[in-house]
Amino acid sequence: MKTEFSLTQLADPDIAEADKILRACVHCGFCTATCPTYVLLGDELDSPRGRIYLIKEMLEKDKPPTAEVVKHIDRCLSCLACMTTCPSGVHYMHLVDQARVRIERDFSRPIAERALRAILAFVLPRPKLFRASMIMARLAGPFAGLLPAPKAAATPGLMRRIKAMLALAPKGLPAPGPSGGSVFAATGARRGRVALLQGCAQQVLAPRINQAAINLLTRHGIEVVLVKDEQCCGALTHHLGQDGDALARARANINVWKKEAEQGGLDAILITASGCGTVIKDYGFMLREDRDFASPAAQISALAKDITEFLGGMELAPTTQKGDVTIAYHSACSLQHGQKITGLPKELLSKNGFVVKDVPESHLCCGSAGTYNILQPDIASRLRDRKIANLATVKPDMIAAGNIGCMVQIAGGTSVPVVHTIELLDWATGGPKPGSIGQD
Ligand code: SF4
Ligand code: SF4
């Protein structure tokens with residue numbers, strides 16, 4: 001694609017990067033076939049190719065984005081299916097990230113929307129506040145029907161979004177898991193030492209996921225540390241275009257993880273929520289222009305691993321007789337498109353005694369996508385229903401996924417237990433049988 005940035009614009013490293021990405025696009029449109037919003041809405045402007053044009057215009061003209069541009073960028077899930085499909089290697093993720101920052105900076109959203117985004121950005125990364133908000137949402141849930149009916153509109157209004165938020169609140173909340181600073185010693189001879197990302201929403205909604213990881217790892221000779229003063233990875237605010245907050249969190253995490261690696265040694269930083277993993281693996285890029293953090297950020301990104309990547313290099317010993325349990329494996333977009341981890345989780349489950357079934361349209365997003373199911377509830381619920389119909393075709397006993405956002409989204413529409421891959425692997429190697437998300 002031909003671009004027309006001025007030399008002054010190209011002196012900005014972000015614009016130079018956008019120029020490189022845009023020039024790689026050859027307009028072929030292959031990406032449209034796998035883009036969930038194009039598949040649902042059939043509008044070229046809701047396809048990757050259409051959005052790439054809109055972003056090009058916005059950046060070249062260097063003017064505040066129009067409401068129309070914002071509408072189509074907001075509808076993008078950042079699922080990255082387009083990156084998997086693109087034959088030219090267009091790095092759509094870095095382009096749309098930049099567009100979101102630009103929109104956040106230059107576009108004036110309606111006041112109610114600004115307030116909602118500010119609340120989400122403030123509450124979600126703070127587990128104590130998030131826990132309190134979930135309790136309040138649960139209490140308010142029965143009154144959701146009293147809210148005025150949402151008006152039909154191209155962009156959902158505040159009432160529709162509040163209803164979506166209330167619908168996501170779980171029926172009960174489990175007791176909090178172990179806090180930062182905890183160290184779990186390896187059973188027997190120590191074969192390694194890792195940090196385990198505590199996560200923010202996940203530690204409130206399902207601390208049993210990291211507990212399963214701790215159980216399995218320590219049982220196999222790996223010491224696990226929950227690093228003190230670790231923060232939210234920044235993914236939530238990064239995807240809302242609030243890069244000041246996201247980068248501050250990245251820098252804070254780099255500092256505490258670097259200190260831990262220097263003092264106690266770390267073979268890896270393990271992540272059980274793939275949405276977080278994709279962003280931590282991108283810290284090196286996000287901070288590439290920061291003289292003080294570019295190098296440590298790249299080192300931290302290199303240490304970051306999805307839990308299944310780490311387990312792929314270990315020999316696990318199945319010990320539990322489970323009978324034939326059929327698993328429908330839901331491939332989270334951040335894992336399959338963001339981190340290119342596709343076959344490994346399924347191989348691990350099969351090797352450890354589960355019957356793993358491939359699911360039709362597994363490349364399509366479930367509609368969770370961070371805060372997307374709150375901000376774009378109509379598209380998100382259509383994608384969820386489609387995902388659940390596809391999962392149901394393999395008649396699973398359980399649905400497995402590697403990302404808490406997908407687990408909550410899918411569990412909201414099915415009675416089949418939705419569990420994390422690590423819970424199944426823990427069960428297979430001596431841990432407890434997992435229940436479903438939201439049933440705690
Ligand atoms: S990230 Fe997903 S929703 Fe966005 S353009 Fe790419 S395929 Fe479509
Ligand atoms: S598949 Fe790649 S090169 Fe083709 S239109 Fe989409 S982004 Fe551009």
# chains A, B, ... in the order shown; residues from 1 in each chain; ligands from 1
$ residues_around --residues "Pro156 of chain A" --least-positions-apart "4" --cutoff "12 Å" --atoms "only C-alpha atoms" --output "list in words"
Lys71, Asp74, Arg75, Ala112, Glu113, Ala149, Pro150, Lys151, Ala152, Arg160, Arg161, Ile162, Lys163, Ala164, Tyr372, Asn373, Ile374, Leu375, Gln376, Pro377, Asp378, Ile379 and Ala380 of chain A
$ write_last_selection --atoms "N, CA and C atoms" --output "PDB file, in the first residue's frame"
ATOM      1  N   LYS A  71     -16.091   4.393  15.353  1.00  0.00           N
ATOM      2  CA  LYS A  71     -17.080   3.300  15.420  1.00  0.00           C
ATOM      3  C   LYS A  71     -16.469   1.996  14.889  1.00  0.00           C
ATOM      4  N   ASP A  74     -13.511   0.791  17.133  1.00  0.00           N
ATOM      5  CA  ASP A  74     -14.047   0.263  18.398  1.00  0.00           C
ATOM      6  C   ASP A  74     -14.638  -1.133  18.218  1.00  0.00           C
ATOM      7  N   ARG A  75     -15.181  -1.398  17.037  1.00  0.00           N
ATOM      8  CA  ARG A  75     -15.791  -2.720  16.813  1.00  0.00           C
ATOM      9  C   ARG A  75     -14.742  -3.817  16.610  1.00  0.00           C
ATOM     10  N   ALA A 112     -20.953   9.979  28.943  1.00  0.00           N
ATOM     11  CA  ALA A 112     -21.292   8.718  29.621  1.00  0.00           C
ATOM     12  C   ALA A 112     -20.299   7.619  29.223  1.00  0.00           C
ATOM     13  N   GLU A 113     -19.905   7.623  27.971  1.00  0.00           N
ATOM     14  CA  GLU A 113     -18.963   6.604  27.505  1.00  0.00           C
ATOM     15  C   GLU A 113     -17.581   6.832  28.107  1.00  0.00           C
ATOM     16  N   ALA A 149     -35.344  -0.022  28.929  1.00  0.00           N
ATOM     17  CA  ALA A 149     -34.932  -0.859  27.791  1.00  0.00           C
ATOM     18  C   ALA A 149     -33.944  -0.083  26.930  1.00  0.00           C
ATOM     19  N   PRO A 150     -32.834  -0.716  26.534  1.00  0.00           N
ATOM     20  CA  PRO A 150     -31.861  -0.009  25.696  1.00  0.00           C
ATOM     21  C   PRO A 150     -32.466   0.345  24.349  1.00  0.00           C
ATOM     22  N   LYS A 151     -32.092   1.527  23.815  1.00  0.00           N
ATOM     23  CA  LYS A 151     -32.579   1.917  22.481  1.00  0.00           C
ATOM     24  C   LYS A 151     -31.737   1.201  21.431  1.00  0.00           C
ATOM     25  N   ALA A 152     -32.378   0.844  20.306  1.00  0.00           N
ATOM     26  CA  ALA A 152     -31.616   0.228  19.214  1.00  0.00           C
ATOM     27  C   ALA A 152     -30.692   1.287  18.621  1.00  0.00           C
ATOM     28  N   ARG A 160     -27.441  -0.490  27.795  1.00  0.00           N
ATOM     29  CA  ARG A 160     -27.125  -1.815  27.233  1.00  0.00           C
ATOM     30  C   ARG A 160     -25.813  -2.329  27.828  1.00  0.00           C
ATOM     31  N   ARG A 161     -24.852  -1.446  27.990  1.00  0.00           N
ATOM     32  CA  ARG A 161     -23.538  -1.838  28.508  1.00  0.00           C
ATOM     33  C   ARG A 161     -23.610  -2.185  29.994  1.00  0.00           C
ATOM     34  N   ILE A 162     -24.406  -1.429  30.727  1.00  0.00           N
ATOM     35  CA  ILE A 162     -24.547  -1.751  32.157  1.00  0.00           C
ATOM     36  C   ILE A 162     -25.198  -3.126  32.300  1.00  0.00           C
ATOM     37  N   LYS A 163     -26.218  -3.389  31.490  1.00  0.00           N
ATOM     38  CA  LYS A 163     -26.883  -4.708  31.550  1.00  0.00           C
ATOM     39  C   LYS A 163     -25.883  -5.809  31.227  1.00  0.00           C
ATOM     40  N   ALA A 164     -25.021  -5.564  30.237  1.00  0.00           N
ATOM     41  CA  ALA A 164     -24.020  -6.574  29.857  1.00  0.00           C
ATOM     42  C   ALA A 164     -23.059  -6.821  31.012  1.00  0.00           C
ATOM     43  N   TYR A 372     -14.410  -5.907  25.663  1.00  0.00           N
ATOM     44  CA  TYR A 372     -15.275  -5.835  24.463  1.00  0.00           C
ATOM     45  C   TYR A 372     -16.695  -6.289  24.773  1.00  0.00           C
ATOM     46  N   ASN A 373     -16.834  -7.368  25.587  1.00  0.00           N
ATOM     47  CA  ASN A 373     -18.194  -7.874  25.833  1.00  0.00           C
ATOM     48  C   ASN A 373     -19.026  -6.907  26.684  1.00  0.00           C
ATOM     49  N   ILE A 374     -18.376  -5.909  27.274  1.00  0.00           N
ATOM     50  CA  ILE A 374     -19.129  -4.852  27.963  1.00  0.00           C
ATOM     51  C   ILE A 374     -19.377  -3.687  26.999  1.00  0.00           C
ATOM     52  N   LEU A 375     -18.347  -3.321  26.243  1.00  0.00           N
ATOM     53  CA  LEU A 375     -18.452  -2.133  25.388  1.00  0.00           C
ATOM     54  C   LEU A 375     -19.202  -2.400  24.076  1.00  0.00           C
ATOM     55  N   GLN A 376     -19.161  -3.637  23.593  1.00  0.00           N
ATOM     56  CA  GLN A 376     -19.852  -3.998  22.341  1.00  0.00           C
ATOM     57  C   GLN A 376     -20.697  -5.256  22.595  1.00  0.00           C
ATOM     58  N   PRO A 377     -21.652  -5.179  23.518  1.00  0.00           N
ATOM     59  CA  PRO A 377     -22.339  -6.402  23.953  1.00  0.00           C
ATOM     60  C   PRO A 377     -23.115  -7.126  22.864  1.00  0.00           C
ATOM     61  N   ASP A 378     -23.627  -6.395  21.876  1.00  0.00           N
ATOM     62  CA  ASP A 378     -24.451  -7.076  20.863  1.00  0.00           C
ATOM     63  C   ASP A 378     -23.598  -7.973  19.961  1.00  0.00           C
ATOM     64  N   ILE A 379     -22.493  -7.438  19.462  1.00  0.00           N
ATOM     65  CA  ILE A 379     -21.599  -8.255  18.624  1.00  0.00           C
ATOM     66  C   ILE A 379     -21.025  -9.388  19.479  1.00  0.00           C
ATOM     67  N   ALA A 380     -20.652  -9.047  20.722  1.00  0.00           N
ATOM     68  CA  ALA A 380     -20.040 -10.062  21.608  1.00  0.00           C
ATOM     69  C   ALA A 380     -21.006 -11.216  21.852  1.00  0.00           C
TER      70      ALA A 380
END
$ closest_atom_pairs --of "chain A" --to "ligand 1" --cutoff "8 Å" --atoms "only C-alpha atoms and all ligand atoms" --output "Markdown table"
| residue | atom | partner | partner_atom_place_in_ligand_line | distance |
| --- | --- | --- | --- | --- |
| A:Cys31 | CA | ligand 1 | 7 (S) | 6.9 |
| A:Thr32 | CA | ligand 1 | 7 (S) | 7.3 |
| A:Thr34 | CA | ligand 1 | 7 (S) | 6.1 |
| A:Cys35 | CA | ligand 1 | 7 (S) | 3.6 |
| A:Pro36 | CA | ligand 1 | 3 (S) | 5.5 |
| A:Thr37 | CA | ligand 1 | 3 (S) | 5.4 |
| A:Tyr38 | CA | ligand 1 | 8 (Fe) | 6.8 |
| A:Asp46 | CA | ligand 1 | 5 (S) | 7.0 |
| A:Ser47 | CA | ligand 1 | 5 (S) | 5.3 |
| A:Pro48 | CA | ligand 1 | 5 (S) | 3.7 |
| A:Arg49 | CA | ligand 1 | 5 (S) | 7.5 |
| A:Arg51 | CA | ligand 1 | 5 (S) | 6.7 |
| A:Ile73 | CA | ligand 1 | 4 (Fe) | 7.8 |
| A:Arg75 | CA | ligand 1 | 3 (S) | 7.0 |
| A:Cys76 | CA | ligand 1 | 4 (Fe) | 3.9 |
| A:Leu77 | CA | ligand 1 | 3 (S) | 4.3 |
| A:Ser78 | CA | ligand 1 | 1 (S) | 3.6 |
| A:Cys79 | CA | ligand 1 | 2 (Fe) | 4.0 |
| A:Leu80 | CA | ligand 1 | 1 (S) | 3.9 |
| A:Ala81 | CA | ligand 1 | 7 (S) | 4.3 |
| A:Cys82 | CA | ligand 1 | 7 (S) | 4.1 |
| A:Met83 | CA | ligand 1 | 6 (Fe) | 6.8 |
| A:Tyr92 | CA | ligand 1 | 6 (Fe) | 6.9 |
| A:Met93 | CA | ligand 1 | 1 (S) | 7.0 |
| A:Cys365 | CA | ligand 1 | 2 (Fe) | 7.7 |
$ write_last_selection --atoms "N, CA, C and O atoms" --output "compact mmCIF listing (two decimals), in the first residue's frame"
# COMPACT_ATOMS: atom_id res chain seq x y z
N CYS A 31 -7.64 -11.48 4.57
CA CYS A 31 -7.94 -11.34 5.99
C CYS A 31 -9.44 -11.18 6.28
O CYS A 31 -9.89 -11.48 7.37
N THR A 32 -10.19 -10.70 5.29
CA THR A 32 -11.62 -10.46 5.55
C THR A 32 -12.35 -11.76 5.90
O THR A 32 -13.26 -11.76 6.71
N THR A 34 -11.57 -14.27 7.65
CA THR A 34 -11.46 -14.79 9.02
C THR A 34 -11.71 -13.72 10.08
O THR A 34 -11.54 -13.99 11.27
N CYS A 35 -12.12 -12.54 9.64
CA CYS A 35 -12.37 -11.46 10.62
C CYS A 35 -13.79 -11.61 11.17
O CYS A 35 -14.77 -11.55 10.42
N PRO A 36 -13.94 -11.81 12.48
CA PRO A 36 -15.27 -12.03 13.04
C PRO A 36 -16.27 -10.91 12.76
O PRO A 36 -17.44 -11.17 12.49
N THR A 37 -15.81 -9.66 12.81
CA THR A 37 -16.78 -8.57 12.61
C THR A 37 -17.22 -8.50 11.15
O THR A 37 -18.37 -8.19 10.85
N TYR A 38 -16.31 -8.82 10.22
CA TYR A 38 -16.71 -8.83 8.81
C TYR A 38 -17.64 -10.01 8.55
O TYR A 38 -18.64 -9.88 7.83
N ASP A 46 -15.72 -2.84 8.51
CA ASP A 46 -15.57 -3.68 9.70
C ASP A 46 -14.69 -4.89 9.39
O ASP A 46 -14.78 -5.92 10.07
N SER A 47 -13.86 -4.75 8.38
CA SER A 47 -12.89 -5.81 8.06
C SER A 47 -11.49 -5.26 8.34
O SER A 47 -11.31 -4.04 8.46
N PRO A 48 -10.49 -6.13 8.43
CA PRO A 48 -9.12 -5.63 8.66
C PRO A 48 -8.68 -4.68 7.56
O PRO A 48 -8.13 -3.62 7.84
N ARG A 49 -8.96 -5.05 6.30
CA ARG A 49 -8.52 -4.20 5.19
C ARG A 49 -9.17 -2.82 5.28
O ARG A 49 -8.51 -1.79 5.10
N ARG A 51 -10.33 -1.36 7.97
CA ARG A 51 -9.79 -0.62 9.13
C ARG A 51 -8.39 -0.10 8.83
O ARG A 51 -8.01 0.99 9.27
N ILE A 73 -13.21 1.20 14.42
CA ILE A 73 -12.04 0.73 15.19
C ILE A 73 -12.52 0.14 16.52
O ILE A 73 -12.03 -0.89 16.97
N ARG A 75 -15.18 -1.40 17.04
CA ARG A 75 -15.79 -2.72 16.81
C ARG A 75 -14.74 -3.82 16.61
O ARG A 75 -15.08 -5.00 16.60
N CYS A 76 -13.50 -3.44 16.40
CA CYS A 76 -12.45 -4.45 16.23
C CYS A 76 -12.17 -5.12 17.58
O CYS A 76 -12.01 -4.45 18.59
N LEU A 77 -12.12 -6.43 17.57
CA LEU A 77 -11.91 -7.19 18.82
C LEU A 77 -10.44 -7.28 19.22
O LEU A 77 -10.12 -7.79 20.29
N SER A 78 -9.54 -6.86 18.34
CA SER A 78 -8.09 -7.13 18.52
C SER A 78 -7.86 -8.63 18.71
O SER A 78 -7.02 -9.06 19.50
N CYS A 79 -8.64 -9.42 17.98
CA CYS A 79 -8.51 -10.88 18.10
C CYS A 79 -7.30 -11.39 17.32
O CYS A 79 -6.80 -12.48 17.57
N LEU A 80 -6.85 -10.60 16.33
CA LEU A 80 -5.65 -10.88 15.54
C LEU A 80 -5.79 -12.07 14.59
O LEU A 80 -4.78 -12.59 14.10
N ALA A 81 -7.02 -12.50 14.34
CA ALA A 81 -7.20 -13.56 13.34
C ALA A 81 -6.66 -13.09 11.99
O ALA A 81 -6.13 -13.89 11.21
N CYS A 82 -6.77 -11.77 11.73
CA CYS A 82 -6.27 -11.24 10.46
C CYS A 82 -4.76 -11.43 10.32
O CYS A 82 -4.26 -11.64 9.22
N MET A 83 -4.04 -11.37 11.43
CA MET A 83 -2.58 -11.55 11.36
C MET A 83 -2.22 -12.99 11.01
O MET A 83 -1.23 -13.25 10.33
N TYR A 92 -0.95 -6.10 12.10
CA TYR A 92 -2.16 -5.33 12.41
C TYR A 92 -2.20 -4.93 13.89
O TYR A 92 -2.69 -3.86 14.22
N MET A 93 -1.70 -5.80 14.77
CA MET A 93 -1.79 -5.50 16.21
C MET A 93 -1.11 -4.16 16.55
O MET A 93 -1.69 -3.32 17.21
N CYS A 365 -13.28 -15.60 17.19
CA CYS A 365 -13.30 -15.13 18.58
C CYS A 365 -14.63 -15.46 19.27
O CYS A 365 -15.68 -15.53 18.61
$ closest_atom_pairs --of "chain A" --to "ligand 2" --cutoff "7 Å" --atoms "only C-alpha atoms and all ligand atoms" --output "JSON lines"
{"residue": "A:Ala24", "atom": "CA", "partner": "ligand 2", "partner_atom_place_in_ligand_line": "3 (S)", "distance": 6.5}
{"residue": "A:Cys25", "atom": "CA", "partner": "ligand 2", "partner_atom_place_in_ligand_line": "3 (S)", "distance": 3.7}
{"residue": "A:Val26", "atom": "CA", "partner": "ligand 2", "partner_atom_place_in_ligand_line": "3 (S)", "distance": 4.3}
{"residue": "A:His27", "atom": "CA", "partner": "ligand 2", "partner_atom_place_in_ligand_line": "5 (S)", "distance": 3.7}
{"residue": "A:Cys28", "atom": "CA", "partner": "ligand 2", "partner_atom_place_in_ligand_line": "4 (Fe)", "distance": 3.9}
{"residue": "A:Gly29", "atom": "CA", "partner": "ligand 2", "partner_atom_place_in_ligand_line": "5 (S)", "distance": 3.8}
{"residue": "A:Phe30", "atom": "CA", "partner": "ligand 2", "partner_atom_place_in_ligand_line": "1 (S)", "distance": 4.3}
{"residue": "A:Cys31", "atom": "CA", "partner": "ligand 2", "partner_atom_place_in_ligand_line": "1 (S)", "distance": 4.1}
{"residue": "A:Thr32", "atom": "CA", "partner": "ligand 2", "partner_atom_place_in_ligand_line": "6 (Fe)", "distance": 6.7}
{"residue": "A:Pro48", "atom": "CA", "partner": "ligand 2", "partner_atom_place_in_ligand_line": "6 (Fe)", "distance": 6.0}
{"residue": "A:Arg49", "atom": "CA", "partner": "ligand 2", "partner_atom_place_in_ligand_line": "5 (S)", "distance": 4.8}
{"residue": "A:Cys82", "atom": "CA", "partner": "ligand 2", "partner_atom_place_in_ligand_line": "6 (Fe)", "distance": 6.6}
{"residue": "A:Thr85", "atom": "CA", "partner": "ligand 2", "partner_atom_place_in_ligand_line": "1 (S)", "distance": 6.2}
{"residue": "A:Cys86", "atom": "CA", "partner": "ligand 2", "partner_atom_place_in_ligand_line": "1 (S)", "distance": 3.7}
{"residue": "A:Pro87", "atom": "CA", "partner": "ligand 2", "partner_atom_place_in_ligand_line": "2 (Fe)", "distance": 5.8}
{"residue": "A:Ser88", "atom": "CA", "partner": "ligand 2", "partner_atom_place_in_ligand_line": "3 (S)", "distance": 5.0}
{"residue": "A:Gly89", "atom": "CA", "partner": "ligand 2", "partner_atom_place_in_ligand_line": "2 (Fe)", "distance": 6.5}
{"residue": "A:Val90", "atom": "CA", "partner": "ligand 2", "partner_atom_place_in_ligand_line": "7 (S)", "distance": 5.3}
$ write_last_selection --atoms "all heavy atoms" --output "compact mmCIF listing (two decimals), in the first residue's frame"
# COMPACT_ATOMS: atom_id res chain seq x y z
N ALA A 24 3.32 -2.91 3.92
CA ALA A 24 3.33 -4.37 3.73
C ALA A 24 1.99 -4.89 3.20
O ALA A 24 1.90 -5.98 2.66
CB ALA A 24 3.67 -5.05 5.05
N CYS A 25 0.92 -4.10 3.38
CA CYS A 25 -0.41 -4.56 2.97
C CYS A 25 -0.57 -4.43 1.46
O CYS A 25 -0.33 -3.36 0.89
CB CYS A 25 -1.49 -3.75 3.70
SG CYS A 25 -3.16 -4.18 3.17
N VAL A 26 -0.98 -5.53 0.83
CA VAL A 26 -1.14 -5.52 -0.64
C VAL A 26 -2.62 -5.55 -1.05
O VAL A 26 -2.95 -5.91 -2.17
CB VAL A 26 -0.37 -6.70 -1.29
CG1 VAL A 26 1.12 -6.55 -1.08
CG2 VAL A 26 -0.85 -8.05 -0.75
N HIS A 27 -3.50 -5.20 -0.14
CA HIS A 27 -4.95 -5.08 -0.37
C HIS A 27 -5.62 -6.39 -0.80
O HIS A 27 -6.71 -6.36 -1.35
CB HIS A 27 -5.33 -4.08 -1.50
CG HIS A 27 -4.53 -2.85 -1.62
ND1 HIS A 27 -5.12 -1.61 -1.59
CD2 HIS A 27 -3.22 -2.63 -1.80
CE1 HIS A 27 -4.18 -0.69 -1.74
NE2 HIS A 27 -3.03 -1.29 -1.87
N CYS A 28 -5.00 -7.52 -0.60
CA CYS A 28 -5.54 -8.75 -1.19
C CYS A 28 -6.89 -9.15 -0.57
O CYS A 28 -7.70 -9.81 -1.21
CB CYS A 28 -4.54 -9.90 -1.02
SG CYS A 28 -4.27 -10.35 0.71
N GLY A 29 -7.13 -8.76 0.66
CA GLY A 29 -8.42 -9.03 1.29
C GLY A 29 -8.57 -10.45 1.84
O GLY A 29 -9.66 -10.82 2.29
N PHE A 30 -7.51 -11.25 1.82
CA PHE A 30 -7.61 -12.60 2.41
C PHE A 30 -8.09 -12.53 3.87
O PHE A 30 -8.80 -13.39 4.34
CB PHE A 30 -6.26 -13.33 2.37
CG PHE A 30 -5.83 -13.79 1.01
CD1 PHE A 30 -4.55 -14.31 0.81
CD2 PHE A 30 -6.69 -13.72 -0.07
CE1 PHE A 30 -4.15 -14.73 -0.45
CE2 PHE A 30 -6.30 -14.14 -1.33
CZ PHE A 30 -5.02 -14.65 -1.52
N CYS A 31 -7.64 -11.48 4.57
CA CYS A 31 -7.94 -11.34 5.99
C CYS A 31 -9.44 -11.18 6.28
O CYS A 31 -9.89 -11.48 7.37
CB CYS A 31 -7.18 -10.16 6.57
SG CYS A 31 -7.41 -8.65 5.59
N THR A 32 -10.19 -10.70 5.29
CA THR A 32 -11.62 -10.46 5.55
C THR A 32 -12.35 -11.76 5.90
O THR A 32 -13.26 -11.76 6.71
CB THR A 32 -12.31 -9.79 4.34
OG1 THR A 32 -12.10 -10.63 3.22
CG2 THR A 32 -11.77 -8.41 4.06
N PRO A 48 -10.49 -6.13 8.43
CA PRO A 48 -9.12 -5.63 8.66
C PRO A 48 -8.68 -4.68 7.56
O PRO A 48 -8.13 -3.62 7.84
CB PRO A 48 -8.26 -6.91 8.65
CG PRO A 48 -9.22 -8.04 8.84
CD PRO A 48 -10.56 -7.59 8.36
N ARG A 49 -8.96 -5.05 6.30
CA ARG A 49 -8.52 -4.20 5.19
C ARG A 49 -9.17 -2.82 5.28
O ARG A 49 -8.51 -1.79 5.10
CB ARG A 49 -8.86 -4.87 3.86
CG ARG A 49 -8.33 -4.13 2.66
CD ARG A 49 -8.50 -4.92 1.39
NE ARG A 49 -9.89 -5.29 1.12
CZ ARG A 49 -10.29 -6.03 0.09
NH1 ARG A 49 -9.40 -6.47 -0.77
NH2 ARG A 49 -11.56 -6.31 -0.09
N CYS A 82 -6.77 -11.77 11.73
CA CYS A 82 -6.27 -11.24 10.46
C CYS A 82 -4.76 -11.43 10.32
O CYS A 82 -4.26 -11.64 9.22
CB CYS A 82 -6.64 -9.76 10.32
SG CYS A 82 -6.32 -8.76 11.77
N THR A 85 -4.02 -14.91 9.14
CA THR A 85 -4.41 -15.15 7.75
C THR A 85 -3.55 -14.39 6.74
O THR A 85 -3.36 -14.86 5.61
CB THR A 85 -5.89 -14.72 7.54
OG1 THR A 85 -6.65 -15.21 8.63
CG2 THR A 85 -6.46 -15.25 6.25
N CYS A 86 -3.04 -13.25 7.14
CA CYS A 86 -2.37 -12.36 6.16
C CYS A 86 -1.11 -13.01 5.57
O CYS A 86 -0.20 -13.37 6.30
CB CYS A 86 -2.00 -11.06 6.86
SG CYS A 86 -1.06 -9.96 5.79
N PRO A 87 -1.04 -13.11 4.24
CA PRO A 87 0.15 -13.71 3.63
C PRO A 87 1.34 -12.74 3.56
O PRO A 87 2.46 -13.14 3.26
CB PRO A 87 -0.32 -14.08 2.22
CG PRO A 87 -1.45 -13.16 1.93
CD PRO A 87 -2.06 -12.77 3.24
N SER A 88 1.08 -11.44 3.83
CA SER A 88 2.16 -10.45 3.69
C SER A 88 2.78 -10.06 5.02
O SER A 88 3.63 -9.16 5.06
CB SER A 88 1.63 -9.18 3.02
OG SER A 88 1.12 -9.48 1.77
N GLY A 89 2.34 -10.68 6.10
CA GLY A 89 2.94 -10.38 7.41
C GLY A 89 2.61 -8.99 7.93
O GLY A 89 3.44 -8.38 8.63
N VAL A 90 1.42 -8.48 7.61
CA VAL A 90 1.03 -7.15 8.13
C VAL A 90 0.82 -7.24 9.64
O VAL A 90 0.02 -8.05 10.11
CB VAL A 90 -0.27 -6.66 7.43
CG1 VAL A 90 -0.79 -5.38 8.08
CG2 VAL A 90 -0.02 -6.45 5.95
$ select_by_dssp --residues "segment 62-239 of chain A" --states "helix (DSSP H, G or I)" --output "NGL selection string"
:A and (67-74 or 81-85 or 92-106 or 111-123 or 127-146 or 158-168 or 201-205 or 207-219 or 235-239)
$ closest_residue --among "A:Gly192, A:Gly413, A:Gly177, A:Pro64" --to "Ala268 of chain A" --atoms "only C-alpha atoms"
A:Gly192
